[in-house]
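*Asks:* Sharing model_20.cif (mmCIF, C-alpha atoms) below.
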data_query
loop_
_atom_site.group_PDB
_atom_site.id
_atom_site.type_symbol
_atom_site.label_atom_id
_atom_site.label_comp_id
_atom_site.auth_asym_id
_atom_site.auth_seq_id
_atom_site.Cartn_x
_atom_site.Cartn_y
_atom_site.Cartn_z
ATOM 1 C CA MET A 1 -15.008 -6.598 -6.421
ATOM 2 C CA GLU A 2 -14.838 -7.985 -9.967
ATOM 3 C CA SER A 3 -14.328 -5.805 -13.021
ATOM 4 C CA LEU A 4 -17.552 -4.124 -14.084
ATOM 5 C CA LEU A 5 -17.769 -4.262 -17.859
ATOM 6 C CA ILE A 6 -20.564 -2.041 -19.101
ATOM 7 C CA ASN A 7 -21.659 -3.749 -22.287
ATOM 8 C CA ASP A 8 -25.394 -3.356 -21.814
ATOM 9 C CA THR A 9 -26.383 -0.192 -19.980
ATOM 10 C CA ASN A 10 -29.953 -1.436 -19.606
ATOM 11 C CA LYS A 11 -28.652 -4.179 -17.302
ATOM 12 C CA TYR A 12 -26.194 -2.022 -15.412
ATOM 13 C CA ASN A 13 -27.473 -0.307 -12.286
ATOM 14 C CA LEU A 14 -25.361 2.514 -10.868
ATOM 15 C CA GLU A 15 -27.429 2.368 -7.704
ATOM 16 C CA ASN A 16 -25.210 -0.532 -6.662
ATOM 17 C CA ASN A 17 -22.250 1.857 -6.658
ATOM 18 C CA ILE A 18 -23.586 4.630 -4.422
ATOM 19 C CA VAL A 19 -21.235 5.573 -1.598
ATOM 20 C CA ARG A 20 -23.794 5.264 1.185
ATOM 21 C CA GLU A 21 -21.839 6.840 4.048
ATOM 22 C CA VAL A 22 -21.416 10.304 2.516
ATOM 23 C CA PRO A 23 -23.798 13.165 1.746
ATOM 24 C CA SER A 24 -25.690 12.944 -1.529
ATOM 25 C CA LEU A 25 -24.364 11.982 -4.027
ATOM 26 C CA ALA A 26 -21.288 9.964 -4.988
ATOM 27 C CA TYR A 27 -20.962 6.875 -7.189
ATOM 28 C CA TYR A 28 -17.761 4.818 -7.174
ATOM 29 C CA VAL A 29 -17.159 2.254 -9.925
ATOM 30 C CA PRO A 30 -13.989 0.150 -9.588
ATOM 31 C CA ASN A 31 -12.401 -1.240 -12.764
ATOM 32 C CA PHE A 32 -14.409 1.055 -15.011
ATOM 33 C CA LEU A 33 -11.465 0.724 -17.405
ATOM 34 C CA THR A 34 -9.545 -2.354 -18.434
ATOM 35 C CA LYS A 35 -5.762 -2.419 -18.094
ATOM 36 C CA ALA A 36 -5.543 -2.069 -21.884
ATOM 37 C CA ASP A 37 -7.742 1.054 -21.713
ATOM 38 C CA GLU A 38 -5.526 2.479 -18.997
ATOM 39 C CA GLU A 39 -2.351 1.806 -20.965
ATOM 40 C CA GLU A 40 -3.827 3.433 -24.072
ATOM 41 C CA ILE A 41 -4.845 6.565 -22.174
ATOM 42 C CA ILE A 42 -1.453 6.983 -20.521
ATOM 43 C CA LYS A 43 0.311 6.447 -23.856
ATOM 44 C CA CYS A 44 -1.859 8.990 -25.696
ATOM 45 C CA VAL A 45 -1.605 11.571 -22.911
ATOM 46 C CA ASN A 46 2.184 11.290 -22.884
ATOM 47 C CA LYS A 47 2.333 11.576 -26.689
ATOM 48 C CA SER A 48 0.331 14.828 -26.687
ATOM 49 C CA PRO A 49 2.252 17.771 -28.177
ATOM 50 C CA GLN A 50 4.046 19.958 -25.646
ATOM 51 C CA PRO A 51 1.876 23.063 -26.361
ATOM 52 C CA LYS A 52 -1.149 21.071 -25.194
ATOM 53 C CA TRP A 53 0.261 21.001 -21.654
ATOM 54 C CA THR A 54 -0.290 23.803 -19.140
ATOM 55 C CA GLN A 55 2.301 23.770 -16.359
ATOM 56 C CA LEU A 56 1.092 24.770 -12.890
ATOM 57 C CA SER A 57 3.107 24.987 -9.689
ATOM 58 C CA HIS A 58 2.150 21.510 -8.414
ATOM 59 C CA ARG A 59 0.981 19.648 -11.508
ATOM 60 C CA ARG A 60 0.436 19.986 -15.232
ATOM 61 C CA LEU A 61 -2.765 19.592 -17.215
ATOM 62 C CA GLN A 62 -4.408 19.395 -20.629
ATOM 63 C CA ASN A 63 -7.796 20.766 -21.759
ATOM 64 C CA TRP A 64 -9.688 18.820 -24.424
ATOM 65 C CA GLY A 65 -12.925 20.093 -25.971
ATOM 66 C CA GLY A 66 -11.924 23.714 -25.385
ATOM 67 C CA ILE A 67 -10.957 25.948 -22.491
ATOM 68 C CA PRO A 68 -13.928 26.755 -20.208
ATOM 69 C CA HIS A 69 -14.547 30.498 -19.828
ATOM 70 C CA GLN A 70 -17.342 32.553 -18.295
ATOM 71 C CA LYS A 71 -17.909 34.222 -21.683
ATOM 72 C CA GLY A 72 -18.247 30.847 -23.375
ATOM 73 C CA MET A 73 -15.999 27.958 -24.381
ATOM 74 C CA LEU A 74 -14.757 27.932 -27.953
ATOM 75 C CA ALA A 75 -15.435 24.280 -28.629
ATOM 76 C CA GLU A 76 -12.813 21.973 -30.104
ATOM 77 C CA GLU A 77 -13.331 18.470 -31.390
ATOM 78 C CA ILE A 78 -12.266 15.863 -28.827
ATOM 79 C CA PRO A 79 -9.848 13.347 -30.414
ATOM 80 C CA SER A 80 -11.152 9.842 -31.077
ATOM 81 C CA TRP A 81 -8.852 8.112 -28.547
ATOM 82 C CA LEU A 82 -10.436 10.220 -25.808
ATOM 83 C CA GLN A 83 -13.973 10.510 -27.156
ATOM 84 C CA LYS A 84 -14.593 6.780 -26.747
ATOM 85 C CA TYR A 85 -14.140 7.097 -22.987
ATOM 86 C CA VAL A 86 -16.403 10.155 -22.907
ATOM 87 C CA ASP A 87 -18.991 8.041 -24.741
ATOM 88 C CA LYS A 88 -18.550 5.180 -22.289
ATOM 89 C CA MET A 89 -19.165 7.606 -19.458
ATOM 90 C CA SER A 90 -22.228 9.053 -21.233
ATOM 91 C CA LYS A 91 -23.816 5.600 -21.543
ATOM 92 C CA LEU A 92 -24.260 5.499 -17.778
ATOM 93 C CA ASN A 93 -27.016 8.122 -18.217
ATOM 94 C CA VAL A 94 -25.736 10.235 -15.329
ATOM 95 C CA PHE A 95 -25.804 13.446 -17.364
ATOM 96 C CA GLU A 96 -29.076 14.879 -18.631
ATOM 97 C CA GLU A 97 -29.904 14.201 -22.281
ATOM 98 C CA LEU A 98 -29.183 17.758 -23.433
ATOM 99 C CA LYS A 99 -26.141 18.201 -21.187
ATOM 100 C CA GLN A 100 -23.827 15.439 -22.362
ATOM 101 C CA PRO A 101 -20.088 15.720 -21.576
ATOM 102 C CA ASN A 102 -18.223 18.057 -23.930
ATOM 103 C CA HIS A 103 -15.010 18.740 -22.013
ATOM 104 C CA VAL A 104 -12.192 16.666 -20.515
ATOM 105 C CA LEU A 105 -9.583 18.035 -18.133
ATOM 106 C CA ILE A 106 -6.533 15.802 -17.874
ATOM 107 C CA ASN A 107 -4.341 16.274 -14.799
ATOM 108 C CA GLU A 108 -0.969 14.665 -14.248
ATOM 109 C CA TYR A 109 0.003 14.216 -10.592
ATOM 110 C CA LEU A 110 3.516 13.029 -9.868
ATOM 111 C CA SER A 111 4.097 11.305 -6.531
ATOM 112 C CA GLY A 112 4.030 14.035 -3.891
ATOM 113 C CA GLN A 113 1.844 16.412 -5.892
ATOM 114 C CA GLY A 114 -1.736 17.409 -5.047
ATOM 115 C CA ILE A 115 -4.314 20.170 -5.228
ATOM 116 C CA MET A 116 -5.747 22.557 -2.621
ATOM 117 C CA PRO A 117 -9.414 22.352 -1.489
ATOM 118 C CA HIS A 118 -11.622 23.697 -4.271
ATOM 119 C CA SER A 119 -14.978 23.301 -6.020
ATOM 120 C CA ASP A 120 -15.587 22.870 -9.743
ATOM 121 C CA GLY A 121 -17.713 26.018 -9.788
ATOM 122 C CA PRO A 122 -20.445 27.515 -11.997
ATOM 123 C CA LEU A 123 -18.720 27.101 -15.377
ATOM 124 C CA PHE A 124 -19.873 23.469 -15.420
ATOM 125 C CA HIS A 125 -23.133 21.569 -15.176
ATOM 126 C CA PRO A 126 -23.142 20.380 -11.533
ATOM 127 C CA ILE A 127 -21.963 16.845 -12.205
ATOM 128 C CA VAL A 128 -18.315 15.836 -12.266
ATOM 129 C CA SER A 129 -16.928 12.447 -13.267
ATOM 130 C CA THR A 130 -13.295 11.431 -12.817
ATOM 131 C CA ILE A 131 -11.392 8.447 -14.200
ATOM 132 C CA SER A 132 -8.061 7.581 -12.531
ATOM 133 C CA CYS A 133 -5.119 5.974 -14.348
ATOM 134 C CA GLY A 134 -1.698 4.824 -13.203
ATOM 135 C CA SER A 135 -1.925 5.369 -9.457
ATOM 136 C CA HIS A 136 -4.389 5.594 -6.609
ATOM 137 C CA THR A 137 -5.050 8.756 -4.657
ATOM 138 C CA PHE A 138 -7.109 9.876 -1.676
ATOM 139 C CA LEU A 139 -9.708 12.536 -2.489
ATOM 140 C CA ASN A 140 -10.448 14.556 0.653
ATOM 141 C CA PHE A 141 -13.718 16.407 1.238
ATOM 142 C CA TYR A 142 -14.329 19.556 3.265
ATOM 143 C CA GLU A 143 -17.615 21.182 4.133
ATOM 144 C CA ARG A 144 -17.851 24.566 2.440
ATOM 145 C CA VAL A 145 -17.564 27.380 4.996
ATOM 146 C CA GLU A 146 -19.294 30.668 4.184
ATOM 147 C CA THR A 147 -17.333 33.325 6.033
ATOM 148 C CA GLU A 148 -15.705 36.698 5.536
ATOM 149 C CA LYS A 149 -12.583 35.517 7.360
ATOM 150 C CA ILE A 150 -9.957 34.775 4.733
ATOM 151 C CA ASP A 151 -7.986 32.585 7.139
ATOM 152 C CA LYS A 152 -10.943 30.340 7.975
ATOM 153 C CA THR A 153 -9.879 26.724 7.441
ATOM 154 C CA PRO A 154 -12.461 24.405 5.816
ATOM 155 C CA LYS A 155 -13.578 21.551 8.034
ATOM 156 C CA TYR A 156 -12.338 18.128 6.905
ATOM 157 C CA GLU A 157 -15.143 15.559 6.716
ATOM 158 C CA PHE A 158 -14.054 12.340 4.951
ATOM 159 C CA SER A 159 -12.009 10.828 2.107
ATOM 160 C CA LEU A 160 -12.546 8.486 -0.833
ATOM 161 C CA LEU A 161 -9.942 6.080 -2.180
ATOM 162 C CA LEU A 162 -9.680 6.389 -5.960
ATOM 163 C CA GLU A 163 -8.034 3.278 -7.370
ATOM 164 C CA PRO A 164 -6.390 3.010 -10.792
ATOM 165 C CA ARG A 165 -8.998 2.408 -13.542
ATOM 166 C CA SER A 166 -11.846 3.547 -11.295
ATOM 167 C CA LEU A 167 -14.616 6.062 -11.984
ATOM 168 C CA LEU A 168 -15.966 8.568 -9.452
ATOM 169 C CA ILE A 169 -19.119 10.627 -10.057
ATOM 170 C CA LEU A 170 -20.094 13.554 -7.813
ATOM 171 C CA LYS A 171 -23.342 15.519 -7.913
ATOM 172 C CA GLU A 172 -25.992 17.252 -5.783
ATOM 173 C CA ASP A 173 -24.810 18.179 -2.262
ATOM 174 C CA LEU A 174 -21.256 16.942 -2.811
ATOM 175 C CA TYR A 175 -20.910 19.215 -5.838
ATOM 176 C CA HIS A 176 -22.514 22.333 -4.389
ATOM 177 C CA ASN A 177 -21.614 22.310 -0.694
ATOM 178 C CA TYR A 178 -18.273 20.536 -0.399
ATOM 179 C CA LEU A 179 -14.704 21.246 -1.444
ATOM 180 C CA HIS A 180 -12.338 18.465 -2.477
ATOM 181 C CA SER A 181 -8.553 18.202 -2.463
ATOM 182 C CA ILE A 182 -5.548 15.891 -2.798
ATOM 183 C CA ASP A 183 -2.757 16.120 -0.231
ATOM 184 C CA CYS A 184 0.826 16.569 -1.422
ATOM 185 C CA LYS A 185 2.148 13.191 -0.248
ATOM 186 C CA ASN A 186 4.226 10.272 -1.498
ATOM 187 C CA GLU A 187 2.133 7.708 0.367
ATOM 188 C CA ASP A 188 -1.310 7.322 1.891
ATOM 189 C CA ILE A 189 -2.420 5.353 4.935
ATOM 190 C CA ILE A 190 -5.727 3.502 4.960
ATOM 191 C CA SER A 191 -8.117 4.634 7.685
ATOM 192 C CA GLU A 192 -11.276 2.601 8.030
ATOM 193 C CA ASN A 193 -12.892 5.489 9.919
ATOM 194 C CA THR A 194 -12.399 8.219 7.324
ATOM 195 C CA ILE A 195 -12.362 6.439 3.933
ATOM 196 C CA LYS A 196 -15.992 5.875 3.078
ATOM 197 C CA ASN A 197 -15.887 3.706 -0.053
ATOM 198 C CA LEU A 198 -13.716 0.778 1.011
ATOM 199 C CA ASN A 199 -16.646 -1.628 0.614
ATOM 200 C CA LEU A 200 -16.872 -0.705 -3.078
ATOM 201 C CA CYS A 201 -13.166 -0.980 -3.887
ATOM 202 C CA SER A 202 -11.710 -3.633 -6.178
ATOM 203 C CA GLN A 203 -9.356 -4.937 -3.475
ATOM 204 C CA SER A 204 -9.531 -5.563 0.255
ATOM 205 C CA TYR A 205 -7.628 -3.069 2.393
ATOM 206 C CA VAL A 206 -6.783 -3.143 6.088
ATOM 207 C CA ASP A 207 -6.552 -0.322 8.587
ATOM 208 C CA LYS A 208 -3.123 1.396 8.641
ATOM 209 C CA GLN A 209 -2.112 -0.176 5.314
ATOM 210 C CA VAL A 210 0.380 2.040 3.460
ATOM 211 C CA LEU A 211 -0.180 2.741 -0.241
ATOM 212 C CA LEU A 212 2.704 4.226 -2.221
ATOM 213 C CA ARG A 213 1.813 6.728 -4.913
ATOM 214 C CA SER A 214 3.203 6.822 -8.435
ATOM 215 C CA THR A 215 2.266 9.058 -11.372
ATOM 216 C CA ARG A 216 -1.505 9.459 -11.673
ATOM 217 C CA ILE A 217 -3.354 10.640 -14.784
ATOM 218 C CA SER A 218 -6.922 11.775 -14.107
ATOM 219 C CA LEU A 219 -9.627 12.407 -16.695
ATOM 220 C CA THR A 220 -12.265 14.796 -15.382
ATOM 221 C CA ILE A 221 -15.245 14.613 -17.742
ATOM 222 C CA ARG A 222 -17.833 17.408 -17.533
ATOM 223 C CA HIS A 223 -20.440 19.398 -19.420
ATOM 224 C CA VAL A 224 -19.760 23.074 -20.152
ATOM 225 C CA PRO A 225 -23.163 24.723 -20.769
ATOM 226 C CA LYS A 226 -21.913 27.974 -22.280
ATOM 227 C CA VAL A 227 -20.250 27.165 -25.606
ATOM 228 C CA SER A 228 -19.536 29.272 -28.690
ATOM 229 C CA LYS A 229 -21.435 28.141 -31.789
ATOM 230 C CA MET A 230 -18.131 28.019 -33.646
ATOM 231 C CA LYS A 231 -16.302 24.702 -33.358
ATOM 232 C CA LEU A 232 -12.624 24.164 -34.016
ATOM 233 C CA LYS A 233 -11.330 20.919 -35.499
ATOM 234 C CA ILE A 234 -8.040 19.520 -34.279
ATOM 235 C CA GLY A 235 -5.902 16.646 -35.478
ATOM 236 C CA LYS A 236 -6.766 13.150 -34.339
#
Now that the file is in, can you turn its structure into structure tokens?

*Replies:*
Amino acid sequence: MESLLINDTNKYNLENNIVREVPSLAYYVPNFLTKADEEEIIKCVNKSPQPKWTQLSHRRLQNWGGIPHQKGMLAEEIPSWLQKYVDKMSKLNVFEELKQPNHVLINEYLSGQGIMPHSDGPLFHPIVSTISCGSHTFLNFYERVETEKIDKTPKYEFSLLLEPRSLLILKEDLYHNYLHSIDCKNEDIISENTIKNLNLCSQSYVDKQVLLRSTRISLTIRHVPKVSKMKLKIGK
């Protein structure tokens, strides 16, 4: 699929990017970024001051716009290098007019790193958009299981291939009733039966094809409804 440059949102129809074989609702846009965009993002993320990073056991991350909290997010100004990609995302008109994105979570995944099945939860408006840079990954989905058994394993349902420079948007049933995860692997194997967005990808893939991971930077762009009226300004 050719690069999709969104210069005129009135002529761009996200309906062409619906992942049809999954529950409602996922959009997958390949080549949402140019290679120059991708290089700029990776450069700026890597130049961020060390205190901006939070180190977790299997990855590290940055919060931009503030740190979401159930008592309210103390809003910070998003730097200009990042805000332009938030604006590009906003122009797709996926978010409601009064619930525009105000927070970006940046995750760095080294080859072999991942994240356990989870949901984005009630701190956010129930739409999540993710831009991938540097490397592909497989995003796995599990049907949410309501049970009192703490050892109950969620049921795996399907996966999506997230290519470098792509955009994924999740909402409705996929936000509320499914968990998503990334396996801790150094490589992924294409499965035509379980990967549901191959027809929308920028390249052609064949069954059993092996994809080697490298470092992936993801930008998860969301709206935090509960925000303090105070706003902090940070350096550009």

*Asks:* Give me the residues within 12 Å of A:Leu211 as a VMD selection string, counting all atoms listed in the file and dropping any in the same chain fewer than 6 places off.

*Replies:* chain A and resid 111 135 to 138 161 to 163 185 to 191 205

*Asks:* Convert the output of the PyMOL selection byres ((chain A and resi 169) around 12) on the shown file into explicit residues, formatted as a tab-separated table (two decimals) with C-alpha atoms, in the coordinates of the input.

*Replies:*
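The file below, out24.tsv, is the result:
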chain	number	residue	atom	x	y	z
A	14	LEU	CA	-25.36	2.51	-10.87
A	15	GLU	CA	-27.43	2.37	-7.70
A	17	ASN	CA	-22.25	1.86	-6.66
A	18	ILE	CA	-23.59	4.63	-4.42
A	19	VAL	CA	-21.24	5.57	-1.60
A	24	SER	CA	-25.69	12.94	-1.53
A	25	LEU	CA	-24.36	11.98	-4.03
A	26	ALA	CA	-21.29	9.96	-4.99
A	27	TYR	CA	-20.96	6.88	-7.19
A	28	TYR	CA	-17.76	4.82	-7.17
A	29	VAL	CA	-17.16	2.25	-9.93
A	30	PRO	CA	-13.99	0.15	-9.59
A	32	PHE	CA	-14.41	1.06	-15.01
A	89	MET	CA	-19.16	7.61	-19.46
A	90	SER	CA	-22.23	9.05	-21.23
A	92	LEU	CA	-24.26	5.50	-17.78
A	93	ASN	CA	-27.02	8.12	-18.22
A	94	VAL	CA	-25.74	10.24	-15.33
A	95	PHE	CA	-25.80	13.45	-17.36
A	126	PRO	CA	-23.14	20.38	-11.53
A	127	ILE	CA	-21.96	16.84	-12.20
A	128	VAL	CA	-18.32	15.84	-12.27
A	129	SER	CA	-16.93	12.45	-13.27
A	130	THR	CA	-13.30	11.43	-12.82
A	131	ILE	CA	-11.39	8.45	-14.20
A	132	SER	CA	-8.06	7.58	-12.53
A	160	LEU	CA	-12.55	8.49	-0.83
A	162	LEU	CA	-9.68	6.39	-5.96
A	166	SER	CA	-11.85	3.55	-11.30
A	167	LEU	CA	-14.62	6.06	-11.98
A	168	LEU	CA	-15.97	8.57	-9.45
A	170	LEU	CA	-20.09	13.55	-7.81
A	171	LYS	CA	-23.34	15.52	-7.91
A	172	GLU	CA	-25.99	17.25	-5.78
A	174	LEU	CA	-21.26	16.94	-2.81
A	175	TYR	CA	-20.91	19.22	-5.84
A	219	LEU	CA	-9.63	12.41	-16.70
A	220	THR	CA	-12.26	14.80	-15.38
A	221	ILE	CA	-15.24	14.61	-17.74
A	222	ARG	CA	-17.83	17.41	-17.53

*Asks:* Expand the PyMOL selection byres ((chain A and resi 86) around 9) into the individual residues it matches in the shown file, reporting them as an mmCIF file with C-alpha atoms, keeping the file's coordinate frame.

*Replies:*
data_model
loop_
_atom_site.group_PDB
_atom_site.id
_atom_site.type_symbol
_atom_site.label_atom_id
_atom_site.label_comp_id
_atom_site.auth_asym_id
_atom_site.auth_seq_id
_atom_site.Cartn_x
_atom_site.Cartn_y
_atom_site.Cartn_z
ATOM 1 C CA LEU A 82 -10.436 10.220 -25.808
ATOM 2 C CA GLN A 83 -13.973 10.510 -27.156
ATOM 3 C CA LYS A 84 -14.593 6.780 -26.747
ATOM 4 C CA TYR A 85 -14.140 7.097 -22.987
ATOM 5 C CA ASP A 87 -18.991 8.041 -24.741
ATOM 6 C CA LYS A 88 -18.550 5.180 -22.289
ATOM 7 C CA MET A 89 -19.165 7.606 -19.458
ATOM 8 C CA SER A 90 -22.228 9.053 -21.233
ATOM 9 C CA LYS A 91 -23.816 5.600 -21.543
ATOM 10 C CA PRO A 101 -20.088 15.720 -21.576
ATOM 11 C CA ASN A 102 -18.223 18.057 -23.930
ATOM 12 C CA HIS A 103 -15.010 18.740 -22.013
ATOM 13 C CA VAL A 104 -12.192 16.666 -20.515
ATOM 14 C CA ILE A 221 -15.245 14.613 -17.742
#

*Asks:* Figure out the distance between atom CA of A:Asn16 and atom CA of A:Trp81, please, to one decimal in Å.

*Replies:* 28.7 Å

*Asks:* Given all atoms listed in the file as the basis, pick out the residue of A:Leu110, A:Leu123, A:Leu98, A:Cys133 nearest to A:Lys43.

*Replies:*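 Ranked by minimum distance to A:Lys43, first place goes to A:Cys133.
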
*Asks:* For a quick check of understanding, using all atoms listed in the file, which of A:His125, A:Glu21, A:Asn46, A:Glu39 has the smallest distance to A:Ser159?

*Replies:*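 The answer is A:Glu21, which sits nearest to A:Ser159.
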
*Asks:* Under the rule that only C-alpha atoms are counted, which of A:Asn107, A:Asn13, A:Thr54, A:Gln100 is the nearest residue to A:His223?

*Replies:*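 Closest residue, counting only C-alpha atoms: A:Gln100.
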
*Asks:* Using all atoms listed in the file, can you tell me which of A:Ala75, A:Tyr109, A:Arg20, A:Ile42 comes closest to A:Asn199?

*Replies:*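 For A:Asn199, the nearest of the given residues is A:Arg20.
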
*Asks:* Give me the residues of stretch 6-108 of chain A that have any atom at most 12 Å from an atom of stretch 113-121 of chain A; for each, the nearest atom pair and the distance in Å, rounded to one decimal. Use all atoms listed in the file, sort by chain and number, and format it as JSON lines.

*Replies:*
{"residue": "A:Leu56", "atom": "CA", "partner": "A:Ile115", "partner_atom": "CA", "distance": 10.4}
{"residue": "A:Ser57", "atom": "CA", "partner": "A:Gln113", "partner_atom": "CA", "distance": 9.5}
{"residue": "A:His58", "atom": "CA", "partner": "A:Gln113", "partner_atom": "CA", "distance": 5.7}
{"residue": "A:Arg59", "atom": "CA", "partner": "A:Gln113", "partner_atom": "CA", "distance": 6.5}
{"residue": "A:Arg60", "atom": "CA", "partner": "A:Gln113", "partner_atom": "CA", "distance": 10.1}
{"residue": "A:Pro68", "atom": "CA", "partner": "A:Gly121", "partner_atom": "CA", "distance": 11.1}
{"residue": "A:His69", "atom": "CA", "partner": "A:Gly121", "partner_atom": "CA", "distance": 11.4}
{"residue": "A:Gln70", "atom": "CA", "partner": "A:Gly121", "partner_atom": "CA", "distance": 10.7}
{"residue": "A:Leu105", "atom": "CA", "partner": "A:Asp120", "partner_atom": "CA", "distance": 11.4}
{"residue": "A:Asn107", "atom": "CA", "partner": "A:Gly114", "partner_atom": "CA", "distance": 10.2}
{"residue": "A:Glu108", "atom": "CA", "partner": "A:Gln113", "partner_atom": "CA", "distance": 9.0}

*Asks:* Create the file for the chosen residues now, containing C-alpha atoms and written as a PDB file, in the frame of the given file.

*Replies:*
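Output contents, as saved in out_30.pdb:
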ATOM      1  CA  LEU A  56       1.092  24.770 -12.890  1.00  0.00           C
ATOM      2  CA  SER A  57       3.107  24.987  -9.689  1.00  0.00           C
ATOM      3  CA  HIS A  58       2.150  21.510  -8.414  1.00  0.00           C
ATOM      4  CA  ARG A  59       0.981  19.648 -11.508  1.00  0.00           C
ATOM      5  CA  ARG A  60       0.436  19.986 -15.232  1.00  0.00           C
ATOM      6  CA  PRO A  68     -13.928  26.755 -20.208  1.00  0.00           C
ATOM      7  CA  HIS A  69     -14.547  30.498 -19.828  1.00  0.00           C
ATOM      8  CA  GLN A  70     -17.342  32.553 -18.295  1.00  0.00           C
ATOM      9  CA  LEU A 105      -9.583  18.035 -18.133  1.00  0.00           C
ATOM     10  CA  ASN A 107      -4.341  16.274 -14.799  1.00  0.00           C
ATOM     11  CA  GLU A 108      -0.969  14.665 -14.248  1.00  0.00           C
TER      12      GLU A 108
END

*Asks:* Figure out the distance between atom CA of A:Asn140 and atom CA of A:Ser181, please, to one decimal in Å.

*Replies:* 5.2 Å

*Asks:* Calculate how many Å separate atom CA of A:Ile217 from atom CA of A:Gln62, rounding to one decimal.

*Replies:*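 These two atoms are separated by 10.6 Å.
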